[in-house]
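Asker: mmCIF, C-alpha atoms, saved as structure_32.cif, coming up:
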```cif
data_target
#
loop_
_atom_site.label_atom_id
_atom_site.label_comp_id
_atom_site.auth_asym_id
_atom_site.auth_seq_id
_atom_site.Cartn_x
_atom_site.Cartn_y
_atom_site.Cartn_z
CA MET R 4 13.06 28.78 28.93
CA SER R 5 13.51 32.30 27.55
CA LEU R 6 10.57 34.52 26.72
CA LEU R 7 11.56 34.43 23.04
CA SER R 8 11.74 30.64 22.87
CA GLY R 9 8.42 30.41 24.68
CA CYS R 10 6.84 32.73 22.13
CA ASN R 11 8.33 30.69 19.29
CA GLN R 12 6.86 27.50 20.70
CA LEU R 13 3.43 29.07 20.97
CA LYS R 14 3.70 30.40 17.42
CA ALA R 15 4.89 26.98 16.21
CA ARG R 16 1.84 25.31 17.70
CA ASP R 17 -0.39 27.92 16.10
CA ASP R 18 1.24 27.18 12.74
CA ILE R 19 0.67 23.46 13.31
CA ASN R 20 -3.03 24.11 13.87
CA LYS R 21 -3.22 26.28 10.76
CA GLY R 22 -1.39 23.64 8.78
CA VAL R 23 -3.77 20.91 9.94
CA GLN R 24 -6.73 23.04 8.90
CA SER R 25 -5.19 23.67 5.47
CA PHE R 26 -4.51 19.95 5.14
CA LYS R 27 -8.13 19.13 5.96
CA ASN R 28 -9.16 21.58 3.23
CA ALA R 29 -6.84 19.75 0.75
CA GLN R 30 -4.60 22.84 0.56
CA TYR R 31 -1.47 20.74 0.84
CA GLU R 32 1.08 23.29 -0.40
CA GLN R 33 -0.26 25.86 2.05
CA ALA R 34 -0.12 23.23 4.80
CA ILE R 35 3.52 22.51 3.95
CA GLY R 36 4.34 26.19 4.44
CA PHE R 37 2.77 26.23 7.91
CA PHE R 38 4.48 22.99 8.95
CA GLN R 39 7.86 24.21 7.69
CA GLU R 40 7.46 27.42 9.67
CA ALA R 41 6.46 25.46 12.78
CA LYS R 42 9.57 23.32 12.38
CA ARG R 43 11.75 26.43 11.99
CA LEU R 44 10.32 28.02 15.11
CA ASP R 45 10.48 24.86 17.22
CA PRO R 46 12.88 22.23 15.76
CA LYS R 47 12.07 19.88 18.65
CA LEU R 48 8.39 19.68 17.72
CA PRO R 49 8.16 16.07 16.43
CA MET R 50 4.62 16.32 15.06
CA ALA R 51 5.80 18.98 12.60
CA ASP R 52 7.94 16.40 10.82
CA LEU R 53 5.15 13.83 10.60
CA TYR R 54 2.65 16.40 9.37
CA LEU R 55 5.12 17.89 6.91
CA GLY R 56 6.02 14.49 5.46
CA THR R 57 2.34 13.56 5.20
CA ALA R 58 1.49 16.80 3.40
CA TYR R 59 4.27 16.15 0.87
CA SER R 60 3.06 12.57 0.41
CA TYR R 61 -0.42 13.82 -0.53
CA LEU R 62 1.12 15.80 -3.39
CA VAL R 63 2.77 12.70 -4.85
CA ILE R 64 1.00 11.69 -8.06
CA PRO R 65 0.56 7.88 -8.22
CA ASN R 66 2.50 6.13 -11.00
CA SER R 67 4.28 9.29 -12.11
CA THR R 68 8.07 9.42 -12.16
CA ASP R 69 8.62 12.84 -13.75
CA ASP R 70 11.18 15.14 -12.13
CA ALA R 71 8.68 17.31 -10.25
CA ASN R 72 6.84 14.35 -8.77
CA MET R 73 10.07 12.58 -7.80
CA LYS R 74 11.28 15.75 -6.07
CA THR R 75 8.07 15.87 -4.02
CA ALA R 76 8.31 12.16 -3.23
CA ASN R 77 11.96 12.41 -2.22
CA ASN R 78 11.17 15.33 0.09
CA ALA R 79 8.60 13.17 1.88
CA ILE R 80 10.90 10.14 1.91
CA ALA R 81 13.75 12.13 3.46
CA ILE R 82 11.50 13.49 6.21
CA PHE R 83 10.08 10.08 7.16
CA LYS R 84 13.50 8.39 7.07
CA GLN R 85 14.92 11.04 9.39
CA TYR R 86 11.92 10.64 11.68
CA LEU R 87 12.59 6.90 11.84
CA ILE R 88 16.18 7.57 12.87
CA ASP R 89 14.88 9.62 15.78
CA HIS R 90 11.87 7.36 16.43
CA PRO R 91 12.80 3.78 15.43
CA GLY R 92 9.89 1.54 14.56
CA ASP R 93 7.35 4.34 14.09
CA LYS R 94 4.54 2.56 12.27
CA THR R 95 3.07 5.65 10.61
CA SER R 96 6.41 6.56 9.02
CA LEU R 97 6.94 3.01 7.78
CA GLN R 98 3.46 2.94 6.25
CA GLN R 99 3.96 6.29 4.59
CA LEU R 100 7.29 5.25 3.10
CA ALA R 101 5.77 2.05 1.72
CA SER R 102 2.92 4.03 0.16
CA ILE R 103 5.21 6.63 -1.41
CA TYR R 104 7.50 4.00 -2.91
CA ARG R 105 4.48 2.22 -4.42
CA ASN R 106 3.29 5.48 -5.92
CA ILE R 107 6.64 6.10 -7.64
CA LYS R 108 6.84 2.57 -9.00
CA GLN R 109 9.52 1.20 -6.67
CA PRO R 110 7.81 -1.99 -5.43
CA VAL R 111 10.94 -3.57 -3.94
CA GLN R 112 11.44 -0.66 -1.54
CA ALA R 113 7.70 -0.53 -0.84
CA LYS R 114 7.68 -4.18 0.15
CA GLN R 115 10.72 -3.72 2.38
CA TYR R 116 8.87 -1.11 4.42
CA GLU R 117 5.69 -3.19 4.57
CA MET R 118 7.84 -6.01 5.98
CA GLN R 119 9.04 -3.58 8.65
CA VAL R 120 5.43 -2.65 9.40
CA ILE R 121 4.74 -6.34 10.02
CA GLN R 122 7.75 -6.56 12.32
CA VAL R 123 6.25 -3.72 14.36
CA ASP R 124 2.67 -5.01 14.10
CA PRO R 125 2.36 -8.61 12.85
CA LYS R 126 -1.44 -8.34 12.93
CA ASP R 127 -1.69 -5.47 10.44
CA PRO R 128 -3.87 -6.91 7.63
CA GLU R 129 -3.16 -4.02 5.24
CA ALA R 130 0.59 -4.67 5.30
CA HIS R 131 0.09 -8.37 4.52
CA TYR R 132 -2.39 -7.48 1.77
CA THR R 133 -0.07 -4.91 0.22
CA ILE R 134 2.83 -7.35 0.03
CA GLY R 135 0.54 -9.81 -1.75
CA ALA R 136 -0.69 -7.14 -4.15
CA VAL R 137 2.85 -5.94 -4.92
CA ASN R 138 3.96 -9.51 -5.56
CA PHE R 139 1.03 -10.09 -7.90
CA VAL R 140 1.85 -7.04 -10.01
CA GLU R 141 5.47 -8.14 -10.33
CA ALA R 142 4.47 -11.73 -11.15
CA TYR R 143 1.89 -10.55 -13.69
CA ASN R 144 4.42 -8.28 -15.43
CA ASN R 145 6.92 -11.15 -15.54
CA ALA R 146 4.33 -13.48 -17.06
CA VAL R 147 3.16 -10.98 -19.68
CA LYS R 148 6.74 -10.27 -20.74
CA LEU R 149 7.76 -13.92 -20.98
CA LEU R 150 4.54 -14.97 -22.70
CA GLY R 151 4.97 -12.14 -25.18
CA GLU R 152 8.41 -13.45 -26.05
CA ASN R 153 6.64 -16.74 -26.79
CA GLY R 154 4.12 -14.93 -29.03
CA LEU R 155 1.29 -15.37 -26.52
CA LYS R 156 -1.03 -13.18 -24.46
CA ASP R 157 -1.94 -14.08 -20.89
CA ASP R 158 -5.22 -15.99 -20.77
CA GLY R 159 -5.52 -16.15 -16.98
CA GLN R 160 -6.15 -19.88 -17.26
CA GLY R 161 -2.68 -21.31 -16.83
CA ASN R 162 -1.45 -20.47 -20.34
CA VAL R 163 -1.21 -24.13 -21.33
CA LYS R 164 -0.07 -23.22 -24.86
CA MET R 165 3.26 -21.81 -23.69
CA SER R 166 6.46 -23.59 -24.61
CA LYS R 167 8.45 -25.66 -22.11
CA ASP R 168 11.17 -23.02 -22.20
CA THR R 169 8.71 -20.26 -21.33
CA CYS R 170 7.24 -22.47 -18.61
CA ALA R 171 10.68 -22.90 -17.05
CA LYS R 172 11.34 -19.16 -17.18
CA ILE R 173 7.99 -18.32 -15.56
CA LYS R 174 8.55 -20.92 -12.84
CA ALA R 175 11.95 -19.43 -12.04
CA ALA R 176 10.73 -15.84 -12.06
CA ASN R 177 7.38 -16.21 -10.32
CA THR R 178 7.39 -19.19 -7.95
CA PRO R 179 8.93 -17.27 -5.00
CA LEU R 180 6.67 -14.25 -5.65
CA VAL R 181 3.54 -16.39 -5.88
CA ASN R 182 4.27 -18.46 -2.78
CA GLU R 183 5.13 -15.42 -0.67
CA GLY R 184 2.15 -13.49 -2.02
CA ILE R 185 -0.34 -16.26 -1.27
CA ASP R 186 1.07 -16.62 2.24
CA HIS R 187 0.65 -12.92 3.03
CA LEU R 188 -2.79 -12.68 1.42
CA ASN R 189 -3.95 -15.65 3.48
CA GLN R 190 -2.67 -13.92 6.61
CA ALA R 191 -4.57 -10.76 5.63
CA VAL R 192 -7.80 -12.77 5.29
CA GLN R 193 -7.19 -14.57 8.57
CA LEU R 194 -6.82 -11.21 10.29
CA ARG R 195 -9.84 -9.71 8.51
CA THR R 196 -12.27 -12.34 7.30
CA ASP R 197 -14.28 -9.88 5.19
CA TYR R 198 -11.23 -8.52 3.36
CA ASP R 199 -12.73 -8.61 -0.13
CA ASP R 200 -9.72 -7.05 -1.87
CA ALA R 201 -7.38 -9.64 -0.37
CA LEU R 202 -9.75 -12.42 -1.47
CA GLN R 203 -9.80 -10.98 -4.99
CA TYR R 204 -5.99 -10.92 -5.09
CA LEU R 205 -5.93 -14.55 -3.94
CA ASN R 206 -7.99 -15.29 -7.04
CA LEU R 207 -5.49 -13.44 -9.21
CA MET R 208 -2.49 -14.99 -7.48
CA TYR R 209 -3.77 -18.55 -7.96
CA ARG R 210 -4.03 -17.80 -11.69
CA ARG R 211 -0.36 -16.89 -11.57
CA LYS R 212 0.30 -20.08 -9.61
CA ALA R 213 -1.36 -22.02 -12.44
CA ASP R 214 1.35 -20.67 -14.75
CA THR R 215 4.08 -22.02 -12.47
CA ASP R 216 2.38 -25.43 -12.36
CA CYS R 217 2.59 -25.78 -16.13
CA GLY R 218 3.06 -29.38 -17.22
CA ASP R 219 0.97 -30.64 -14.29
CA ALA R 220 -2.62 -30.60 -15.55
CA ALA R 221 -4.09 -31.66 -12.21
CA ALA R 222 -2.27 -28.88 -10.34
CA VAL R 223 -3.35 -26.29 -12.91
CA LYS R 224 -6.96 -27.45 -12.61
CA SER R 225 -6.77 -27.23 -8.81
CA ASP R 226 -5.26 -23.73 -8.96
CA LEU R 227 -8.01 -22.46 -11.26
CA ALA R 228 -10.71 -24.02 -9.09
CA LYS R 229 -9.28 -22.21 -6.06
CA ALA R 230 -9.14 -18.98 -8.08
CA ASP R 231 -12.81 -19.32 -9.02
CA ASP R 232 -13.72 -20.04 -5.40
CA TYR R 233 -11.92 -16.90 -4.24
CA VAL R 234 -13.88 -14.89 -6.82
CA LYS R 235 -17.09 -16.08 -5.15
CA GLN R 236 -15.73 -15.41 -1.67
CA SER R 237 -14.63 -11.93 -2.70
CA MET R 238 -18.03 -11.10 -4.19
CA GLY R 239 -19.77 -12.37 -1.06
CA ALA R 240 -17.50 -10.39 1.25
CA ARG R 241 -17.94 -7.25 -0.86
CA ALA R 242 -21.72 -7.59 -0.78
CA ASN R 243 -21.65 -8.01 3.00
CA ASN R 244 -19.36 -5.01 3.40
CA GLU R 245 -21.63 -2.85 1.25
CA LYS R 246 -24.62 -3.97 3.31
CA LYS R 247 -22.82 -3.00 6.52
CA LYS R 248 -22.01 0.43 5.06
CA GLU R 249 -25.64 0.98 4.11
CA GLU R 250 -26.82 -0.09 7.56
CA LYS R 251 -24.29 2.21 9.21
CA ALA R 252 -25.28 5.13 6.96
CA SER R 253 -28.97 4.63 7.71
CA HIS R 254 -28.49 4.11 11.45
CA GLY R 255 -30.74 6.42 13.42
CA VAL R 256 -32.60 7.67 10.34
CA VAL R 257 -36.33 7.79 10.92
CA THR R 258 -38.35 7.03 7.81
CA GLY R 259 -41.67 8.65 7.08
CA GLN R 260 -44.80 7.04 8.52
#
```
Would you put the structure from the file into C-alpha cells?

Answerer:
Amino acid sequence: MSLLSGCNQLKARDDINKGVQSFKNAQYEQAIGFFQEAKRLDPKLPMADLYLGTAYSYLVIPNSTDDANMKTANNAIAIFKQYLIDHPGDKTSLQQLASIYRNIKQPVQAKQYEMQVIQVDPKDPEAHYTIGAVNFVEAYNNAVKLLGENGLKDDGQGNVKMSKDTCAKIKAANTPLVNEGIDHLNQAVQLRTDYDDALQYLNLMYRRKADTDCGDAAAVKSDLAKADDYVKQSMGARANNEKKKEEKASHGVVTGQ
C-alpha cells in the first residue's frame, strides 16, 4: 500500500464519520457530499455505497413523482442495485429498494423486492406485512374504479348493490391480490402476535374479500364478521403495545414520595 493510498483511506473513513454525523442531524444533502467524497477516495469502501444510497433515500418525498424527486429516487435505486450485484442477497439493500419503489408509487417493483427479502429472511414480519398492505391498496383502487363505473361508492360492507358484471370484474381483478395479501398478513401476525397494523390490514383485506364473494350471502357475512373481529384484535394489540411503551418509558423513574 502506498503512502498516498493509505492517506486516502484514512481521509475516506473520516468523511464517512462526518457523513454519518450529518445524517444523524438530518443534513442529508451534506451527508451525501461526505459519502461521495469517501467513495472517490476509497472506491473499495463498501459502507460508502450503503450510506450514500440511504442518504439519497431519505430525500425521496413519499408519493411524489415529479422530476426532481424521481431523480433522487433513481440515484438511490442505482446505488442499491449496484450494491446487490456486488453483494447478492443483501437484506438492507433489498429493503431500501422496496421502500423507495413504494414511495414513488411503483407497487409492483416494491413487492418484487419484498419477496426477495422473504427469500433471504422468511421470518421477516415487516416484509410479509408490506406485501399485504401493497396488495390491499391495489385491490382497493381496483374496487373503487370498478364500482365507480357502476355508479357506486365503496361501502366496505361487500357492496351488495353492485351489478353481476361489476361483481365478475372485481372477482377477476382482486381475488389473487386478496388471497395473497391475506396469506402474507397472516404470516406477519404469526411471526409477531402483537402486530396491530397487520391485524388492521386483515380487517381491511377481508372487506375486499367480501367484494369477491358477491352473490354468496353467507360468505360475505363470514368475511365481514372476520373483518370486525380483526378490528377488535387490532385495537387490543395496539392498546397492549402502547402500554408496553409507557412501561418502558417509565422504567427506572422514581416518583415523588

Asker: In Å, how far is it from atom CA of Lys212 of chain R to atom CA of Thr178 of chain R?

Answerer: 7.3 Å

Asker: Calculate how many Å separate atom CA of Ala201 of chain R from atom CA of Ala175 of chain R, rounding to one decimal.

Answerer: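 Calculated distance between atom CA of Ala201 of chain R and atom CA of Ala175 of chain R is 24.6 Å.
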
Asker: On this file, the PyMOL selection byres ((chain R and resi 236) around 12) gives some set of residues; write that set as a PyMOL selection string.

Answerer: chain R and resi 192+196-206+229-235+237-243

Asker: Using the chain letters and residue numbers of this document, give as JSON, numbers by chain the residues selected by the PyMOL selection byres ((chain R and resi 37) around 7).

Answerer: {"R": [18, 19, 21, 22, 33, 34, 35, 36, 38, 39, 40, 41]}

Asker: Using only C-alpha atoms, which residue out of R:Ala213, R:Met50, R:Ile173, R:Ala136 lies closest to Thr95 of chain R?

Answerer: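 Nearest candidate to Thr95 of chain R out of R:Ala213, R:Met50, R:Ile173, R:Ala136: R:Met50.
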
Asker: Quick one: 8 Å padding each side, axis-aligned, all listed atoms of segment 140-145 of chain R - centre and edge lengths in Å to one decimal, as JSON?

Answerer:
```
{"center_x": 4.4, "center_y": -9.4, "center_z": -12.8, "size_x": 21.1, "size_y": 20.7, "size_z": 21.5}
```

Asker: Hey, what's within 12 Å of Cys170 of chain R if we count only C-alpha atoms and toss same-chain stuff fewer than 2 positions away? As a ChimeraX atom specification, please?

Answerer: /R:145-146,149-150,152-153,161-168,172-178,211-219

Asker: Please, could you write that set of residues out with C-alpha atoms as a CSV table (one decimal), in the frame of the given file?

Answerer:
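Wrote it out as again-v8.csv, contents follow:
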```csv
chain,number,residue,atom,x,y,z
R,145,ASN,CA,6.9,-11.2,-15.5
R,146,ALA,CA,4.3,-13.5,-17.1
R,149,LEU,CA,7.8,-13.9,-21.0
R,150,LEU,CA,4.5,-15.0,-22.7
R,152,GLU,CA,8.4,-13.4,-26.0
R,153,ASN,CA,6.6,-16.7,-26.8
R,161,GLY,CA,-2.7,-21.3,-16.8
R,162,ASN,CA,-1.4,-20.5,-20.3
R,163,VAL,CA,-1.2,-24.1,-21.3
R,164,LYS,CA,-0.1,-23.2,-24.9
R,165,MET,CA,3.3,-21.8,-23.7
R,166,SER,CA,6.5,-23.6,-24.6
R,167,LYS,CA,8.4,-25.7,-22.1
R,168,ASP,CA,11.2,-23.0,-22.2
R,172,LYS,CA,11.3,-19.2,-17.2
R,173,ILE,CA,8.0,-18.3,-15.6
R,174,LYS,CA,8.6,-20.9,-12.8
R,175,ALA,CA,12.0,-19.4,-12.0
R,176,ALA,CA,10.7,-15.8,-12.1
R,177,ASN,CA,7.4,-16.2,-10.3
R,178,THR,CA,7.4,-19.2,-8.0
R,211,ARG,CA,-0.4,-16.9,-11.6
R,212,LYS,CA,0.3,-20.1,-9.6
R,213,ALA,CA,-1.4,-22.0,-12.4
R,214,ASP,CA,1.4,-20.7,-14.8
R,215,THR,CA,4.1,-22.0,-12.5
R,216,ASP,CA,2.4,-25.4,-12.4
R,217,CYS,CA,2.6,-25.8,-16.1
R,218,GLY,CA,3.1,-29.4,-17.2
R,219,ASP,CA,1.0,-30.6,-14.3
```

Asker: What does the distance from atom CA of Ala79 of chain R to atom CA of Cys10 of chain R come to in Å, to one decimal?

Answerer: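 Value for the atom CA of Ala79 of chain R-atom CA of Cys10 of chain R distance: 28.2 Å.
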
Asker: Rank R:Gly135, R:Glu32, R:Ala221, R:Val111 by their smallest atom-to-atom distance to Tyr59 of chain R, using only C-alpha atoms, and report the top residue only.

Answerer: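 Among the listed residues, R:Glu32 lies closest to Tyr59 of chain R.
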
Asker: From the list R:Val63, R:Gly154, R:Ala191, R:Gly159, which residue is nearest Ile134 of chain R when using all atoms listed in the file?

Answerer: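 Distance minimum relative to Ile134 of chain R lands on R:Ala191.
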
Asker: Residues at most 9 Å from segment 68-70 of chain R, counting all atoms listed in the file, excluding those fewer than 4 positions away in the same chain, as JSON, numbers by chain?

Answerer: {"R": [64, 74, 75, 106, 107, 108]}

Asker: For the structure shown, which residues end up in the PyMOL selection byres ((chain R and resi 115-123) around 9)? Put them as a ChimeraX atom specification, please?

Answerer: /R:92-95,97-102,110-114,124-131,133-134

Asker: Write the residues you've just listed into a file as a PDB file, in the coordinates of the input, and include C-alpha atoms for each of them.

Answerer:
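Saved to result15.pdb:
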```pdb
ATOM      1  CA  GLY R  92       9.890   1.540  14.560  1.00  0.00           C
ATOM      2  CA  ASP R  93       7.350   4.340  14.090  1.00  0.00           C
ATOM      3  CA  LYS R  94       4.540   2.560  12.270  1.00  0.00           C
ATOM      4  CA  THR R  95       3.070   5.650  10.610  1.00  0.00           C
ATOM      5  CA  LEU R  97       6.940   3.010   7.780  1.00  0.00           C
ATOM      6  CA  GLN R  98       3.460   2.940   6.250  1.00  0.00           C
ATOM      7  CA  GLN R  99       3.960   6.290   4.590  1.00  0.00           C
ATOM      8  CA  LEU R 100       7.290   5.250   3.100  1.00  0.00           C
ATOM      9  CA  ALA R 101       5.770   2.050   1.720  1.00  0.00           C
ATOM     10  CA  SER R 102       2.920   4.030   0.160  1.00  0.00           C
ATOM     11  CA  PRO R 110       7.810  -1.990  -5.430  1.00  0.00           C
ATOM     12  CA  VAL R 111      10.940  -3.570  -3.940  1.00  0.00           C
ATOM     13  CA  GLN R 112      11.440  -0.660  -1.540  1.00  0.00           C
ATOM     14  CA  ALA R 113       7.700  -0.530  -0.840  1.00  0.00           C
ATOM     15  CA  LYS R 114       7.680  -4.180   0.150  1.00  0.00           C
ATOM     16  CA  ASP R 124       2.670  -5.010  14.100  1.00  0.00           C
ATOM     17  CA  PRO R 125       2.360  -8.610  12.850  1.00  0.00           C
ATOM     18  CA  LYS R 126      -1.440  -8.340  12.930  1.00  0.00           C
ATOM     19  CA  ASP R 127      -1.690  -5.470  10.440  1.00  0.00           C
ATOM     20  CA  PRO R 128      -3.870  -6.910   7.630  1.00  0.00           C
ATOM     21  CA  GLU R 129      -3.160  -4.020   5.240  1.00  0.00           C
ATOM     22  CA  ALA R 130       0.590  -4.670   5.300  1.00  0.00           C
ATOM     23  CA  HIS R 131       0.090  -8.370   4.520  1.00  0.00           C
ATOM     24  CA  THR R 133      -0.070  -4.910   0.220  1.00  0.00           C
ATOM     25  CA  ILE R 134       2.830  -7.350   0.030  1.00  0.00           C
TER      26      ILE R 134
END
```

Asker: When you look at Val147 of chain R with a cut-off of 9 Å (counting all atoms listed in the file), what residues show up, excluding the ones that are within fewer than 6 positions of it in the same chain? I need them as a count of residues only.

Answerer: 3

Asker: For a quick check of understanding, using only C-alpha atoms, which of R:Gly151, R:Pro46, R:Gly56, R:Pro65 has the smallest distance to Phe83 of chain R?

Answerer: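 Smallest separation from Phe83 of chain R among the options: R:Gly56.
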